[in-house]
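Here's the structure we're looking at; comments come further down.
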Amino acid sequence: MKKALILDYKIGNITSVGTFLRENGYSVTLGCETTEIKNAELLVLPGVGSFKMAADNLQDKKIIHELKSRHLNNKATLGICLGFQILTKTSSESPDSNGLGIFNGTTTRLKEFSRIGWGKLIFNQKINSLKDHYFYFNHSYGSYDIIDTSMRACSGQSDYNALVASGSTIGVQFHPERSQKSGNKFLKWLESEVWGLND
Amino acid sequence: MIKRIAATLILDSNQIINAYNFEVHLPVGKLKYTLERLQEFEVDEINILNTSHSNSVVNDLDKLLEDINNWHVSTPLAYGGGISTLTDAVYVIKSGVERVIISANTFFDFDLFSDICRTLGDQAIILHLPIEFKGGSPSIRGYSNKLLSDVNALIPINWGGEIMLTIVESDGKKFPNWQNIGDALGIMAGHSNFILAGGFADFKDISAGLSLDQVSAISIGNYLHRVEHSIIEIKQKIKSSIQIRR
């Protein structure tokens, strides 16, 4: 059975992400110790809340170095919504707080103030298996300026990054755990095409 | 953004009920089966309004969310009912629900409303405004001295949440009151983030509602419980004229 660690940094939607992962065949644990982060087969950074709260909690738990090491060691990591934003350098939501800077870009308020609802992904490369799927978005901040990554996707007419991949670190602005069957399909795609995780 | 078809589920003591004019309640069945059915039919989101709240949002929600998580609901959820403090609102979001539905009563404590928006982010808020048209200018149900125009003036133009607008006299009926909807949307012309609810029971009306520029979603209540496969049927009938998820 595949094993996932949900980073417990006191940010919301842990329960729904846990249910989603279990339904997709993972044994799931919650944690934030450095050894857990280092050894996790898949690490998920969930997120509903404020950038400042997330940044402060990562700082307090003294896990920033370990999270960056994980990226450098190309280990499977998924940031969802705020969990994606915290992978950028900074956010205009809280200019005095620092993100992890794993993605070379910043988070700002959306031009359209917020985006709530369903959208398809438009990749910068051909990804046929996901082209007909809709994913659920619910956010008012996002990143427009991450461009130097191996894979990116935007959604609909919005030009912020809906997905960014840098090695095995993936940030998604949508919620796969609330995207019904498309969320499951997306996770399977990550496992087989990006992370190379096997049952 | 494509338009959405949502479900409104009104709960009373963990039973789903039909509501008429916000007053008469008739039991429909257990939440579990309705959630399963709606998810299978790929409704775009589910708005749960709990009318049975005790004095504790925590108590009401704990059991409900335990059930929802056991049932593997992967559809976006919003929850309202008894949310009267920032702590309540934060608790709802931390419990795994995407959005909180804030009542007019809580909105009128505008400092509290602003705090909730600042803490959770605008996108996590649905402001529920039940509108009555008694004697001229539309007002908020239960607050005859609170006019819709006053509410409109308080909401910042760049607010990123959504407004669930229910015309009270259409609630539980089989047709919306287009005159009243038009008047209400006209008063709030600066906003374009409405979920319309109340009286939507026919695909032509649903289609007409979704065609309005200010409207992002229609939330359907009683009709869902009367007609088998209603979501699938509605989507089939309107997909050629409205951009929806299908």
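The chains in the structure tokens are called A, B, ... from first to last as shown; in each chain the residues are counted from 1, and the ligands are counted from 1 in the order shown.
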Contact set, chain B to chain A: 6 Å, only C-alpha atoms, as a PDB file with N, CA and C atoms, in the first residue's frame:
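Dumped everything to iface.pdb:
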ATOM      1  N   SER B  74     -16.874  13.809  -2.192  1.00  0.00           N
ATOM      2  CA  SER B  74     -15.798  14.551  -2.866  1.00  0.00           C
ATOM      3  C   SER B  74     -16.378  15.689  -3.697  1.00  0.00           C
ATOM      4  N   THR B  75     -17.528  16.161  -3.287  1.00  0.00           N
ATOM      5  CA  THR B  75     -18.180  17.302  -3.935  1.00  0.00           C
ATOM      6  C   THR B  75     -17.975  18.534  -3.047  1.00  0.00           C
ATOM      7  N   PRO B  76     -17.713  19.706  -3.644  1.00  0.00           N
ATOM      8  CA  PRO B  76     -17.534  20.905  -2.823  1.00  0.00           C
ATOM      9  C   PRO B  76     -18.740  21.167  -1.922  1.00  0.00           C
ATOM     10  N   LYS B  94     -12.154  24.517   9.166  1.00  0.00           N
ATOM     11  CA  LYS B  94     -11.150  23.539   9.616  1.00  0.00           C
ATOM     12  C   LYS B  94     -11.709  22.127   9.630  1.00  0.00           C
ATOM     13  N   GLY B  96     -13.283  20.839   7.272  1.00  0.00           N
ATOM     14  CA  GLY B  96     -13.192  20.246   5.939  1.00  0.00           C
ATOM     15  C   GLY B  96     -14.236  20.726   4.955  1.00  0.00           C
ATOM     16  N   LEU B 120     -10.677  34.002   6.830  1.00  0.00           N
ATOM     17  CA  LEU B 120     -10.853  32.827   5.977  1.00  0.00           C
ATOM     18  C   LEU B 120     -10.595  33.113   4.503  1.00  0.00           C
ATOM     19  N   GLN B 123     -13.228  34.207  -0.553  1.00  0.00           N
ATOM     20  CA  GLN B 123     -13.725  33.084  -1.379  1.00  0.00           C
ATOM     21  C   GLN B 123     -14.365  31.995  -0.536  1.00  0.00           C
ATOM     22  N   GLY B 160     -14.693  39.203  -2.770  1.00  0.00           N
ATOM     23  CA  GLY B 160     -14.519  37.996  -3.580  1.00  0.00           C
ATOM     24  C   GLY B 160     -15.397  36.828  -3.197  1.00  0.00           C
TER      25      GLY B 160
END
Spatial neighbours of Ala208 (chain B), 10 Å, only C-alpha atoms, chain gap at least 4 places, as a list in words: Trp178, Asp202, Phe203, Lys204, Leu212, Ile238, Ser241 and Ile242 of chain B
task: Per DSSP on the backbone, filter region 71-222 of chain B down to the residues in strand (DSSP E) and report them as a PyMOL selection string.
output: chain B and resi 77-80+99-102+125-132+139-140+143-147+162-167+194-197+215-220
- request: Pull the alpha helix (DSSP H) assignments for chain A out of DSSP run on the backbone, and list those residues as a PyMOL selection string.
  value: chain A and resi 14-23+34-39+51-60+64-72+82-85+180-189
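Taking CA of Gln59 (chain A) and CA of Glu36 (chain A) as the two end points, the separation is 16.7 Å.
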field: Distance of CA of Gly81 (chain B) from CA of His25 (chain B), expressed in Å to one decimal place
entry: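 Spanning CA of His25 (chain B) to CA of Gly81 (chain B) is a straight-line distance of 15.8 Å.
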message: Would you pick out the contacts of Arg99 (chain B) at 7 Å or less, using only C-alpha atoms, so that residues sharing its chain but fewer than 4 positions from it are not included, and give the list as an MDAnalysis selection string?
response: chainID B and resid 77:79 93 124:126
field: Within 9 Å of region 64-75 of chain A using only C-alpha atoms, minus same-chain residues under 2 positions, as a list in words
entry: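 Close residues of region 64-75 of chain A: Thr34, Thr35, Ile37, Lys38, Ala40, Glu41, Leu42, Leu43, Leu58, Gln59, Lys61, Lys62, Thr77, Leu100, Gly101, Ile102, Ser166, Gly167, Ser168, Thr169 and Trp195 of chain A.
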- request: Can you work out the spacing between CA of Leu9 (chain B) and CA of Asp44 (chain B) in Å, to one decimal?
  value: 13.4 Å
- request: Using only C-alpha atoms, determine which residues lie at most 10 Å from region 130-138 of chain B, disregarding the query and same-chain residues fewer than 5 positions distant; provide the list as a PyMOL selection string.
  value: chain B and resi 22+103-104+143-149+164-171+180-181+183-184+187+197-198
